[in-house]
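Asks: As input, take query27.txt (compact mmCIF, C-alpha atoms):
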# COMPACT_ATOMS: atom_id res chain seq x y z
CA MET X 1 -18.28 -20.43 -15.06
CA VAL X 2 -15.27 -18.42 -13.98
CA ASP X 3 -12.88 -20.80 -15.72
CA ALA X 4 -15.00 -20.50 -18.85
CA TRP X 5 -14.90 -16.72 -18.58
CA LEU X 6 -11.10 -16.80 -18.25
CA ARG X 7 -10.72 -19.04 -21.29
CA GLU X 8 -12.86 -16.70 -23.38
CA ASN X 9 -11.46 -13.43 -22.04
CA ALA X 10 -7.79 -14.12 -21.25
CA ASP X 11 -6.66 -11.74 -23.98
CA ASP X 12 -8.89 -8.97 -22.61
CA LEU X 13 -7.53 -9.48 -19.10
CA ILE X 14 -3.94 -9.14 -20.28
CA GLY X 15 -4.91 -6.30 -22.59
CA TRP X 16 -6.47 -4.33 -19.73
CA ARG X 17 -3.32 -4.67 -17.67
CA ARG X 18 -1.10 -3.62 -20.58
CA HIS X 19 -3.30 -0.64 -21.45
CA LEU X 20 -3.10 0.59 -17.86
CA HIS X 21 0.62 -0.07 -17.75
CA THR X 22 1.17 1.99 -20.88
CA ASN X 23 -0.96 4.86 -19.57
CA PRO X 24 -0.14 5.28 -15.87
CA GLU X 25 -1.55 8.13 -13.81
CA LEU X 26 -0.29 9.54 -10.53
CA SER X 27 -2.27 9.66 -7.30
CA ARG X 28 -5.44 11.76 -7.47
CA THR X 29 -5.09 12.21 -11.23
CA GLU X 30 -6.42 8.78 -12.25
CA PHE X 31 -9.17 10.29 -14.43
CA ALA X 32 -8.55 8.25 -17.60
CA THR X 33 -7.98 5.09 -15.54
CA THR X 34 -11.29 5.59 -13.75
CA GLU X 35 -13.10 6.17 -17.06
CA PHE X 36 -11.47 3.07 -18.56
CA VAL X 37 -12.64 0.89 -15.68
CA GLU X 38 -16.08 2.50 -15.72
CA SER X 39 -16.54 1.79 -19.43
CA TRP X 40 -15.75 -1.92 -19.06
CA LEU X 41 -17.99 -2.30 -16.01
CA VAL X 42 -20.84 -0.75 -17.98
CA LYS X 43 -20.13 -3.17 -20.86
CA ALA X 44 -20.49 -5.99 -18.34
CA GLY X 45 -23.99 -4.71 -17.50
CA LEU X 46 -23.01 -3.13 -14.19
CA GLU X 47 -23.74 0.32 -12.75
CA PRO X 48 -20.54 1.85 -11.33
CA ARG X 49 -20.64 5.04 -9.24
CA LYS X 50 -17.77 7.41 -9.83
CA LEU X 51 -16.54 9.54 -6.92
CA PRO X 52 -17.32 13.28 -7.16
CA THR X 53 -13.61 14.00 -7.68
CA GLY X 54 -13.61 11.95 -10.90
CA THR X 55 -11.04 9.48 -9.59
CA GLY X 56 -12.07 6.18 -8.02
CA LEU X 57 -15.39 4.37 -8.23
CA LEU X 58 -17.67 1.93 -6.46
CA CYS X 59 -19.88 -0.75 -7.95
CA ASP X 60 -22.29 -3.25 -6.38
CA ILE X 61 -23.05 -6.70 -7.77
CA GLY X 62 -25.53 -9.30 -6.62
CA PRO X 63 -28.22 -9.42 -3.96
CA ASP X 64 -28.85 -6.80 -1.30
CA GLY X 65 -27.74 -7.43 2.26
CA PRO X 66 -24.26 -7.66 3.79
CA ARG X 67 -21.69 -7.52 1.03
CA ILE X 68 -18.14 -8.72 0.52
CA GLY X 69 -15.81 -5.86 -0.36
CA LEU X 70 -13.12 -6.36 -3.02
CA ARG X 71 -10.61 -3.55 -3.44
CA ALA X 72 -7.99 -2.64 -6.07
CA ASP X 73 -5.77 0.43 -6.14
CA MET X 74 -5.21 2.23 -9.45
CA ASP X 75 -2.47 4.87 -9.09
CA ALA X 76 1.09 4.76 -10.42
CA LEU X 77 4.42 5.98 -9.03
CA PRO X 78 6.52 9.03 -9.95
CA LEU X 79 9.23 6.73 -11.29
CA GLN X 80 10.75 6.43 -14.76
CA GLU X 81 10.32 2.94 -16.24
CA TYR X 82 13.32 1.04 -17.62
CA THR X 83 11.81 -2.34 -18.49
CA GLY X 84 12.04 -2.03 -22.28
CA LEU X 85 8.65 -3.73 -22.58
CA PRO X 86 6.66 -3.13 -25.78
CA PHE X 87 3.85 -1.83 -23.58
CA ALA X 88 6.09 0.25 -21.28
CA SER X 89 4.86 3.52 -19.83
CA THR X 90 4.46 6.32 -22.37
CA VAL X 91 4.32 8.93 -19.59
CA PRO X 92 7.76 10.35 -18.72
CA GLY X 93 8.65 9.87 -15.07
CA VAL X 94 5.52 7.84 -14.25
CA SER X 95 5.15 4.06 -14.14
CA HIS X 96 3.23 1.17 -12.59
CA ALA X 97 6.21 -0.12 -10.63
CA CYS X 98 4.05 -1.46 -7.81
CA GLY X 99 1.63 -3.63 -9.78
CA HIS X 100 -1.48 -1.50 -9.38
CA ASP X 101 -2.17 -2.02 -13.09
CA ALA X 102 -2.45 -5.74 -12.32
CA HIS X 103 -4.61 -5.13 -9.24
CA THR X 104 -7.04 -3.08 -11.32
CA ALA X 105 -7.17 -5.57 -14.20
CA ILE X 106 -7.73 -8.47 -11.78
CA LEU X 107 -10.65 -6.78 -10.03
CA LEU X 108 -12.11 -5.76 -13.39
CA GLY X 109 -11.83 -9.39 -14.50
CA ALA X 110 -13.44 -10.66 -11.31
CA ALA X 111 -16.27 -8.14 -11.71
CA SER X 112 -16.88 -9.16 -15.31
CA ALA X 113 -16.88 -12.87 -14.46
CA LEU X 114 -19.19 -12.44 -11.45
CA ALA X 115 -21.56 -10.33 -13.53
CA GLU X 116 -22.27 -13.47 -15.62
CA VAL X 117 -23.18 -15.62 -12.62
CA PRO X 118 -27.00 -15.83 -12.47
CA HIS X 119 -27.37 -16.04 -8.69
CA LEU X 120 -24.50 -14.93 -6.46
CA PRO X 121 -24.59 -16.29 -2.89
CA VAL X 122 -23.69 -12.86 -1.50
CA GLY X 123 -23.58 -9.27 -2.67
CA VAL X 124 -20.26 -7.72 -3.68
CA ARG X 125 -18.93 -4.17 -3.35
CA LEU X 126 -16.18 -3.39 -5.87
CA VAL X 127 -13.81 -0.66 -4.71
CA PHE X 128 -11.54 0.77 -7.40
CA GLN X 129 -9.46 3.12 -5.29
CA HIS X 130 -7.34 6.12 -6.18
CA ALA X 131 -4.25 7.52 -4.41
CA GLU X 132 -2.86 4.56 -2.48
CA GLU X 133 0.72 5.75 -2.97
CA VAL X 134 0.33 9.04 -1.06
CA MET X 135 -0.18 9.24 2.68
CA PRO X 136 -2.62 8.98 4.35
CA GLY X 137 -4.16 7.41 1.23
CA GLY X 138 -7.26 7.52 -0.93
CA ALA X 139 -8.89 4.81 1.19
CA ILE X 140 -9.90 7.57 3.60
CA ASP X 141 -11.87 9.24 0.79
CA MET X 142 -13.54 5.94 -0.03
CA VAL X 143 -14.57 5.38 3.58
CA ALA X 144 -15.91 8.93 3.72
CA VAL X 145 -18.29 8.30 0.80
CA GLY X 146 -19.58 5.09 2.36
CA ALA X 147 -17.48 2.41 0.66
CA MET X 148 -17.73 0.13 3.70
CA GLU X 149 -21.38 0.77 4.52
CA GLY X 150 -23.24 -2.52 4.26
CA VAL X 151 -19.96 -4.47 3.87
CA SER X 152 -19.42 -7.39 6.25
CA ARG X 153 -15.82 -8.20 5.27
CA THR X 154 -13.39 -6.77 2.77
CA PHE X 155 -10.44 -8.22 0.86
CA ALA X 156 -7.52 -7.19 -1.34
CA LEU X 157 -4.58 -8.68 -3.21
CA HIS X 158 -1.13 -7.15 -3.57
CA CYS X 159 1.59 -8.24 -5.99
CA ASP X 160 4.55 -9.99 -4.37
CA PRO X 161 7.67 -10.55 -6.53
CA ARG X 162 9.10 -12.91 -3.91
CA LEU X 163 6.42 -15.53 -4.66
CA GLU X 164 6.11 -17.49 -7.89
CA ALA X 165 3.07 -16.93 -10.08
CA GLY X 166 0.44 -19.45 -9.07
CA ARG X 167 1.11 -19.05 -5.36
CA VAL X 168 -0.64 -16.69 -2.95
CA GLY X 169 0.59 -15.87 0.54
CA VAL X 170 -1.50 -14.96 3.55
CA ARG X 171 -1.20 -14.76 7.33
CA VAL X 172 -3.36 -14.02 10.35
CA GLY X 173 -2.50 -10.75 12.08
CA ALA X 174 -0.37 -7.88 10.85
CA ILE X 175 0.76 -8.29 7.23
CA THR X 176 1.97 -4.69 6.74
CA SER X 177 3.18 -1.99 9.12
CA ALA X 178 2.05 1.42 10.22
CA ALA X 179 4.26 4.03 8.54
CA ASP X 180 4.75 7.52 9.99
CA THR X 181 7.11 10.30 8.93
CA VAL X 182 9.32 12.32 11.28
CA GLU X 183 10.70 15.68 10.20
CA LEU X 184 12.95 17.57 12.61
CA VAL X 185 14.00 21.14 11.81
CA LEU X 186 16.74 22.57 14.04
CA ASP X 187 18.25 26.02 14.42
CA SER X 188 20.93 27.70 16.52
CA PRO X 189 22.88 30.99 16.50
CA GLY X 190 25.75 29.29 14.66
CA GLY X 191 29.39 30.12 15.27
CA HIS X 192 33.02 29.16 14.78
CA THR X 193 34.03 25.54 15.27
CA SER X 194 36.93 26.73 17.46
CA ARG X 195 34.43 28.11 20.03
CA PRO X 196 31.51 25.64 20.32
CA HIS X 197 31.09 26.60 23.99
CA LEU X 198 29.92 30.06 22.93
CA THR X 199 26.99 28.81 20.87
CA SER X 200 24.70 25.79 20.46
CA ASP X 201 26.42 23.11 18.42
CA LEU X 202 23.74 22.17 15.91
CA VAL X 203 25.63 19.34 14.20
CA TYR X 204 26.39 17.72 17.55
CA ALA X 205 22.70 17.99 18.41
CA ILE X 206 21.74 16.35 15.12
CA GLY X 207 24.16 13.50 15.79
CA THR X 208 22.64 13.03 19.22
CA VAL X 209 19.17 12.62 17.74
CA ILE X 210 20.34 10.47 14.82
CA THR X 211 21.62 7.78 17.18
CA GLY X 212 19.60 8.55 20.29
CA LEU X 213 16.04 8.45 18.98
CA PRO X 214 16.18 5.03 17.25
CA GLY X 215 18.19 3.63 20.16
CA LEU X 216 15.86 4.83 22.89
CA LEU X 217 12.75 3.77 20.96
CA SER X 218 14.21 0.28 20.77
CA ARG X 219 14.52 0.29 24.58
CA ARG X 220 11.04 1.68 25.22
CA ILE X 221 9.02 -0.55 22.87
CA ASP X 222 8.57 -4.32 22.87
CA PRO X 223 10.74 -5.68 20.01
CA ARG X 224 7.99 -8.21 19.19
CA THR X 225 5.94 -5.32 17.74
CA SER X 226 8.41 -5.05 14.81
CA THR X 227 8.90 -1.33 15.46
CA VAL X 228 11.77 0.34 13.63
CA MET X 229 12.89 3.95 13.24
CA VAL X 230 15.27 4.82 10.37
CA TRP X 231 16.53 8.18 9.13
CA GLY X 232 16.41 8.76 5.39
CA ALA X 233 17.88 12.26 4.98
CA VAL X 234 20.03 14.69 6.93
CA SER X 235 21.32 18.13 6.00
CA ALA X 236 23.26 20.83 7.83
CA GLY X 237 26.07 23.24 7.02
CA LYS X 238 28.65 23.58 4.25
CA ALA X 239 31.89 24.92 5.72
CA PRO X 240 34.15 22.67 7.84
CA ASN X 241 34.97 25.51 10.27
CA ALA X 242 31.48 26.95 10.79
CA ILE X 243 28.78 25.64 13.10
CA PRO X 244 25.64 25.91 10.96
CA GLN X 245 22.51 27.76 11.99
CA THR X 246 19.99 25.35 10.48
CA GLY X 247 19.65 21.65 9.85
CA MET X 248 17.04 19.03 9.10
CA LEU X 249 16.44 15.34 9.72
CA THR X 250 13.73 13.23 8.10
CA GLY X 251 12.92 9.59 8.59
CA THR X 252 10.20 7.02 9.15
CA VAL X 253 8.82 5.12 12.12
CA ARG X 254 7.12 1.81 11.40
CA THR X 255 5.35 -0.73 13.57
CA GLY X 256 3.30 -3.85 13.04
CA ASP X 257 1.31 -3.35 16.23
CA HIS X 258 -1.81 -1.18 16.22
CA ALA X 259 -1.62 -0.33 19.94
CA THR X 260 2.01 0.71 19.62
CA TRP X 261 1.14 2.95 16.67
CA SER X 262 -1.00 5.14 18.94
CA LEU X 263 1.93 5.54 21.37
CA LEU X 264 4.62 6.48 18.88
CA GLU X 265 4.04 10.19 18.36
CA PRO X 266 4.00 11.24 22.04
CA MET X 267 6.96 8.96 22.73
CA VAL X 268 9.01 10.39 19.86
CA ARG X 269 8.25 13.94 21.04
CA GLU X 270 9.26 13.10 24.60
CA ILE X 271 12.55 11.49 23.55
CA VAL X 272 13.52 14.26 21.12
CA ASP X 273 12.85 16.91 23.74
CA GLY X 274 14.97 15.04 26.28
CA LEU X 275 17.85 14.61 23.82
CA LEU X 276 17.93 18.21 22.63
CA ALA X 277 17.23 20.07 25.88
CA PRO X 278 20.87 19.94 27.11
CA THR X 279 22.22 21.13 23.74
CA GLY X 280 20.40 24.47 23.72
CA VAL X 281 19.42 23.95 20.07
CA ARG X 282 15.90 25.01 19.15
CA TYR X 283 13.78 22.66 17.09
CA GLN X 284 10.43 22.05 15.44
CA LEU X 285 9.19 18.47 15.22
CA ASN X 286 6.70 17.66 12.48
CA TYR X 287 5.26 14.22 13.07
CA LYS X 288 3.02 13.00 10.26
CA ARG X 289 0.91 9.96 10.95
CA GLY X 290 0.57 7.75 7.91
CA VAL X 291 -1.50 4.58 7.85
CA PRO X 292 -2.24 1.91 10.45
CA PRO X 293 -0.93 -1.62 9.96
CA VAL X 294 -3.03 -4.00 7.88
CA VAL X 295 -4.12 -6.58 10.46
CA ASN X 296 -5.78 -9.63 8.91
CA GLU X 297 -8.79 -10.85 10.90
CA GLU X 298 -8.76 -14.59 11.56
CA GLN X 299 -12.08 -15.55 9.95
CA ALA X 300 -11.42 -13.37 6.88
CA THR X 301 -7.99 -14.96 6.59
CA ARG X 302 -9.53 -18.45 6.69
CA MET X 303 -11.89 -17.40 3.90
CA LEU X 304 -8.91 -16.28 1.84
CA GLU X 305 -7.06 -19.51 2.56
CA ASP X 306 -10.04 -21.55 1.35
CA ALA X 307 -10.26 -19.45 -1.82
CA ILE X 308 -6.55 -20.00 -2.46
CA ARG X 309 -6.58 -23.75 -1.71
CA ALA X 310 -9.27 -24.16 -4.35
CA LEU X 311 -6.61 -23.27 -6.95
CA GLY X 312 -4.57 -26.39 -6.17
CA PRO X 313 -2.53 -28.11 -3.45
CA ASP X 314 0.53 -25.88 -3.83
CA ALA X 315 -1.19 -22.51 -4.22
CA LEU X 316 -1.31 -21.45 -0.56
CA ALA X 317 1.90 -19.99 0.87
CA ASP X 318 3.01 -18.39 4.11
CA THR X 319 4.12 -14.78 3.96
CA PRO X 320 6.11 -12.65 6.42
CA GLN X 321 4.97 -9.32 7.75
CA SER X 322 6.13 -6.42 5.57
CA GLY X 323 7.60 -3.18 6.92
CA GLY X 324 5.82 -1.26 4.18
CA GLY X 325 2.64 0.75 4.66
CA GLU X 326 -0.66 0.10 2.85
CA ASP X 327 -3.81 2.21 3.13
CA PHE X 328 -6.08 -0.84 2.84
CA SER X 329 -5.73 -0.65 6.62
CA TRP X 330 -8.25 2.21 6.73
CA TYR X 331 -10.98 -0.15 5.53
CA LEU X 332 -10.07 -2.56 8.31
CA GLU X 333 -10.65 0.23 10.81
CA GLN X 334 -14.30 -0.02 9.70
CA VAL X 335 -14.90 -3.73 9.00
CA PRO X 336 -12.89 -6.96 9.39
CA GLY X 337 -11.00 -8.25 6.40
CA ALA X 338 -7.71 -9.53 5.03
CA MET X 339 -5.08 -8.93 2.37
CA ALA X 340 -3.11 -11.61 0.52
CA ARG X 341 0.17 -11.55 -1.40
CA LEU X 342 -0.21 -12.53 -5.05
CA GLY X 343 2.87 -14.22 -6.47
CA VAL X 344 4.07 -12.52 -9.66
CA TRP X 345 7.61 -13.92 -10.09
CA SER X 346 8.12 -16.04 -13.19
CA GLY X 347 10.31 -18.51 -11.31
CA HIS X 348 13.33 -17.68 -13.47
CA GLY X 349 15.88 -14.92 -13.24
CA GLU X 350 16.16 -12.03 -10.81
CA GLN X 351 13.38 -11.25 -8.35
CA LEU X 352 12.85 -7.56 -8.98
CA ASP X 353 11.45 -5.65 -6.03
CA LEU X 354 8.44 -3.36 -6.01
CA HIS X 355 9.10 0.33 -6.66
CA GLN X 356 12.07 -0.47 -8.91
CA PRO X 357 12.12 1.09 -12.40
CA THR X 358 12.67 -2.39 -13.91
CA PHE X 359 9.81 -4.09 -12.04
CA ASP X 360 7.63 -6.39 -14.14
CA LEU X 361 5.33 -9.31 -13.41
CA ASP X 362 4.38 -12.69 -14.81
CA GLU X 363 0.98 -12.12 -16.40
CA ARG X 364 -0.13 -15.66 -15.52
CA ALA X 365 -0.76 -14.17 -12.08
CA LEU X 366 -3.70 -12.18 -13.44
CA ALA X 367 -5.90 -15.26 -13.88
CA VAL X 368 -4.81 -16.51 -10.45
CA GLY X 369 -5.95 -13.25 -8.89
CA VAL X 370 -9.30 -13.40 -10.66
CA ARG X 371 -9.86 -16.95 -9.39
CA VAL X 372 -9.01 -16.02 -5.80
CA LEU X 373 -11.42 -13.07 -5.75
CA THR X 374 -14.24 -14.95 -7.42
CA ASN X 375 -13.71 -17.94 -5.15
CA LEU X 376 -14.14 -15.65 -2.14
CA VAL X 377 -17.55 -14.65 -3.40
CA LEU X 378 -18.79 -17.96 -4.77
CA ASN X 379 -17.74 -19.88 -1.64
CA ALA X 380 -19.39 -17.39 0.73
CA SER X 381 -22.32 -18.57 2.76
Could you take the file, read its structure, and then write that structure out as structure tokens?
Replies:
Amino acid sequence: MVDAWLRENADDLIGWRRHLHTNPELSRTEFATTEFVESWLVKAGLEPRKLPTGTGLLCDIGPDGPRIGLRADMDALPLQEYTGLPFASTVPGVSHACGHDAHTAILLGAASALAEVPHLPVGVRLVFQHAEEVMPGGAIDMVAVGAMEGVSRTFALHCDPRLEAGRVGVRVGAITSAADTVELVLDSPGGHTSRPHLTSDLVYAIGTVITGLPGLLSRRIDPRTSTVMVWGAVSAGKAPNAIPQTGMLTGTVRTGDHATWSLLEPMVREIVDGLLAPTGVRYQLNYKRGVPPVVNEEQATRMLEDAIRALGPDALADTPQSGGGEDFSWYLEQVPGAMARLGVWSGHGEQLDLHQPTFDLDERALAVGVRVLTNLVLNAS
């Protein structure tokens, strides 16, 4: 039945993705996107429930009882598109450079196909989520309104331009990383560079933290947790002969281990204090926790593998753990589940990375995604 639905509605599936691609909306402003999805779910005979904010919606299909959750994120990035596609973004400075347009179209296709199945073996909870691209993520809002209540396991797909269309990668355990932000604001009396002993040398202090914090973290944390701390921005001073009074460092700390994630903030604070105490420079450390790692539960992963194998002998692929963050992890704090990587590379030419202004995907992957999600449901017992 699903294959029949895809044959009859392939143009709609691609059209949904292209409509969303042309009309991207930033996090927490996905009003038109939500209404678009809602209208098509209603046309399929379903009864979606929009969140009170007007962005994001939930929809149940099938019998009562424990449900399988299927999630898609809908928001775009604040990034100008340079693909030159005929359906490129018409919104200046905003684009679907992470494939959320595809995620949304795939889940909408899966919902429409499942709505035509007379007797589903298990109930389904569709989660069309807003604000994945901003920390700590719209998944927290979804959990707060009960998105995981009555859900036994939950699943998601994410575009992967490193895999060819037709292949889907999955792994047991961590597939993404926790991602936290560190902001360090420093200040000192300032002074002349000829007399650093009469003041607190702020630039020297910054240099100490730049090298010291990542280095000491690497000696305090098991390297098998894939923990990494990298600075992204530094600013201090203008004149070569003046010790500045203020400076700032910002960076990220990432880990693939949930237990390590809970240890990072106190450890970072302890190390920074120890590094800066001898310098006499004052500081304020703003540590912003982001999202936990997405840790695929074993049974949920096996269910995904079975759904992928049903596509053909070469469909299932291994996938490495990513250092990126993904707020699907908040659902896994509530119920077990798993995320898979959906191949979107055409197999020819350059493999464009996510979050690049030239990112595009092979639209053959849309039907693959629909089959994986529907297989999860139809094969459930």
Asks: Show me the residues around (-19.3, -2.8, -0.7) - criterion: an atom at most 10 Å away, all atoms listed in the file counted - as a list in words.
Replies: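 Residues found, by chain and rising number: Leu58, Cys59, Asp60, Ile61, Pro66, Arg67, Ile68, Gly69, Leu70, Arg71, Gly123, Val124, Arg125, Leu126, Val127, Gly146, Ala147, Met148, Glu149, Gly150, Val151, Ser152, Arg153 and Thr154 of chain X.
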Asks: May I have the residues at most 12 Å from (9.7, 0.6, -7.4) in the file's coordinates, counting all atoms listed in the file, as a PDB file with C-alpha atoms, keeping the file's coordinate frame?
Replies:
ATOM      1  CA  ALA X  76       1.090   4.760 -10.420  1.00  0.00           C
ATOM      2  CA  LEU X  77       4.420   5.980  -9.030  1.00  0.00           C
ATOM      3  CA  PRO X  78       6.520   9.030  -9.950  1.00  0.00           C
ATOM      4  CA  LEU X  79       9.230   6.730 -11.290  1.00  0.00           C
ATOM      5  CA  GLN X  80      10.750   6.430 -14.760  1.00  0.00           C
ATOM      6  CA  GLU X  81      10.320   2.940 -16.240  1.00  0.00           C
ATOM      7  CA  TYR X  82      13.320   1.040 -17.620  1.00  0.00           C
ATOM      8  CA  THR X  83      11.810  -2.340 -18.490  1.00  0.00           C
ATOM      9  CA  VAL X  94       5.520   7.840 -14.250  1.00  0.00           C
ATOM     10  CA  SER X  95       5.150   4.060 -14.140  1.00  0.00           C
ATOM     11  CA  HIS X  96       3.230   1.170 -12.590  1.00  0.00           C
ATOM     12  CA  ALA X  97       6.210  -0.120 -10.630  1.00  0.00           C
ATOM     13  CA  CYS X  98       4.050  -1.460  -7.810  1.00  0.00           C
ATOM     14  CA  GLY X  99       1.630  -3.630  -9.780  1.00  0.00           C
ATOM     15  CA  HIS X 100      -1.480  -1.500  -9.380  1.00  0.00           C
ATOM     16  CA  GLU X 133       0.720   5.750  -2.970  1.00  0.00           C
ATOM     17  CA  PRO X 161       7.670 -10.550  -6.530  1.00  0.00           C
ATOM     18  CA  LEU X 352      12.850  -7.560  -8.980  1.00  0.00           C
ATOM     19  CA  ASP X 353      11.450  -5.650  -6.030  1.00  0.00           C
ATOM     20  CA  LEU X 354       8.440  -3.360  -6.010  1.00  0.00           C
ATOM     21  CA  HIS X 355       9.100   0.330  -6.660  1.00  0.00           C
ATOM     22  CA  GLN X 356      12.070  -0.470  -8.910  1.00  0.00           C
ATOM     23  CA  PRO X 357      12.120   1.090 -12.400  1.00  0.00           C
ATOM     24  CA  THR X 358      12.670  -2.390 -13.910  1.00  0.00           C
ATOM     25  CA  PHE X 359       9.810  -4.090 -12.040  1.00  0.00           C
ATOM     26  CA  ASP X 360       7.630  -6.390 -14.140  1.00  0.00           C
TER      27      ASP X 360
END
Asks: Please identify every residue of stretch 279-317 of chain X that has at least one atom no farther than 10 Å from an atom of stretch 235-251 of chain X, counting only C-alpha atoms, and for each give the shortest atom pair and the distance in Å to one decimal, arranged by chain then increasing number, as a Markdown table.
Replies:
| residue | atom | partner | partner_atom | distance |
| --- | --- | --- | --- | --- |
| X:Val281 | CA | X:Gln245 | CA | 9.5 |
| X:Arg282 | CA | X:Thr246 | CA | 9.6 |
| X:Tyr283 | CA | X:Met248 | CA | 9.4 |
| X:Gln284 | CA | X:Met248 | CA | 9.6 |
| X:Leu285 | CA | X:Leu249 | CA | 9.6 |
| X:Asn286 | CA | X:Thr250 | CA | 9.4 |
| X:Tyr287 | CA | X:Thr250 | CA | 9.9 |
Asks: Taking into account only C-alpha atoms, which residue in the set X:Ser112, X:Thr104, X:Thr252, X:Ser188 is nearest to X:Val42?
Replies: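 Of X:Ser112, X:Thr104, X:Thr252, X:Ser188, the one nearest X:Val42, counting only C-alpha atoms, is X:Ser112.
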Asks: So the first atom is atom CA of X:Glu25 and the second is atom CA of X:Leu366; what is the distance between them in Å, to one decimal place?
Replies: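 According to the coordinates, atom CA of X:Glu25 and atom CA of X:Leu366 are separated by 20.4 Å.
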Asks: So which residues touch X:Ala367 within 10 Å, counting only C-alpha atoms, skipping near sequence neighbours fewer than 6 positions away, as a count of residues only?
Replies: 13
Asks: When distances are computed from all atoms listed in the file, which of X:Arg364, X:His103, X:Arg167, X:His158 shows the smallest separation from X:Leu311?
Replies: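 Ranking X:Arg364, X:His103, X:Arg167, X:His158 by distance to X:Leu311, first place goes to X:Arg167.
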Asks: Nearest to X:Val268 among X:Gly56, X:Pro292, X:Gly207, X:Gly212, with distances taken over all atoms listed in the file: which residue is it?
Replies: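 Looking at the shortest contact to X:Val268, the residue is X:Gly212.
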Asks: From the list X:Glu183, X:Ala113, X:Met135, X:Val172, which residue is nearest X:Leu46 when using only C-alpha atoms?
Replies: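 The shortest atom-to-atom distance to X:Leu46 comes from X:Ala113.
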Asks: When you count all atoms listed in the file, which of these residues is closest to X:Leu216: X:Val91, X:Leu378, X:Ala44, X:Ile271?
Replies: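 Answer, going by the shortest atom-to-atom distance: X:Ile271.
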Asks: Fewer than 4 positions away in the same chain doesn't count, so skip those; otherwise give me all residues within 6 Å of X:His130, counting only C-alpha atoms, as a VMD selection string.
Replies: chain X and resid 56 73 to 75 138
Asks: For atom CA of X:Asp222 and atom CA of X:Met267, determine how far apart the two atoms are, in Å to one decimal place.
Replies: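 Pair atom CA of X:Asp222 / atom CA of X:Met267 returns 13.4 Å.
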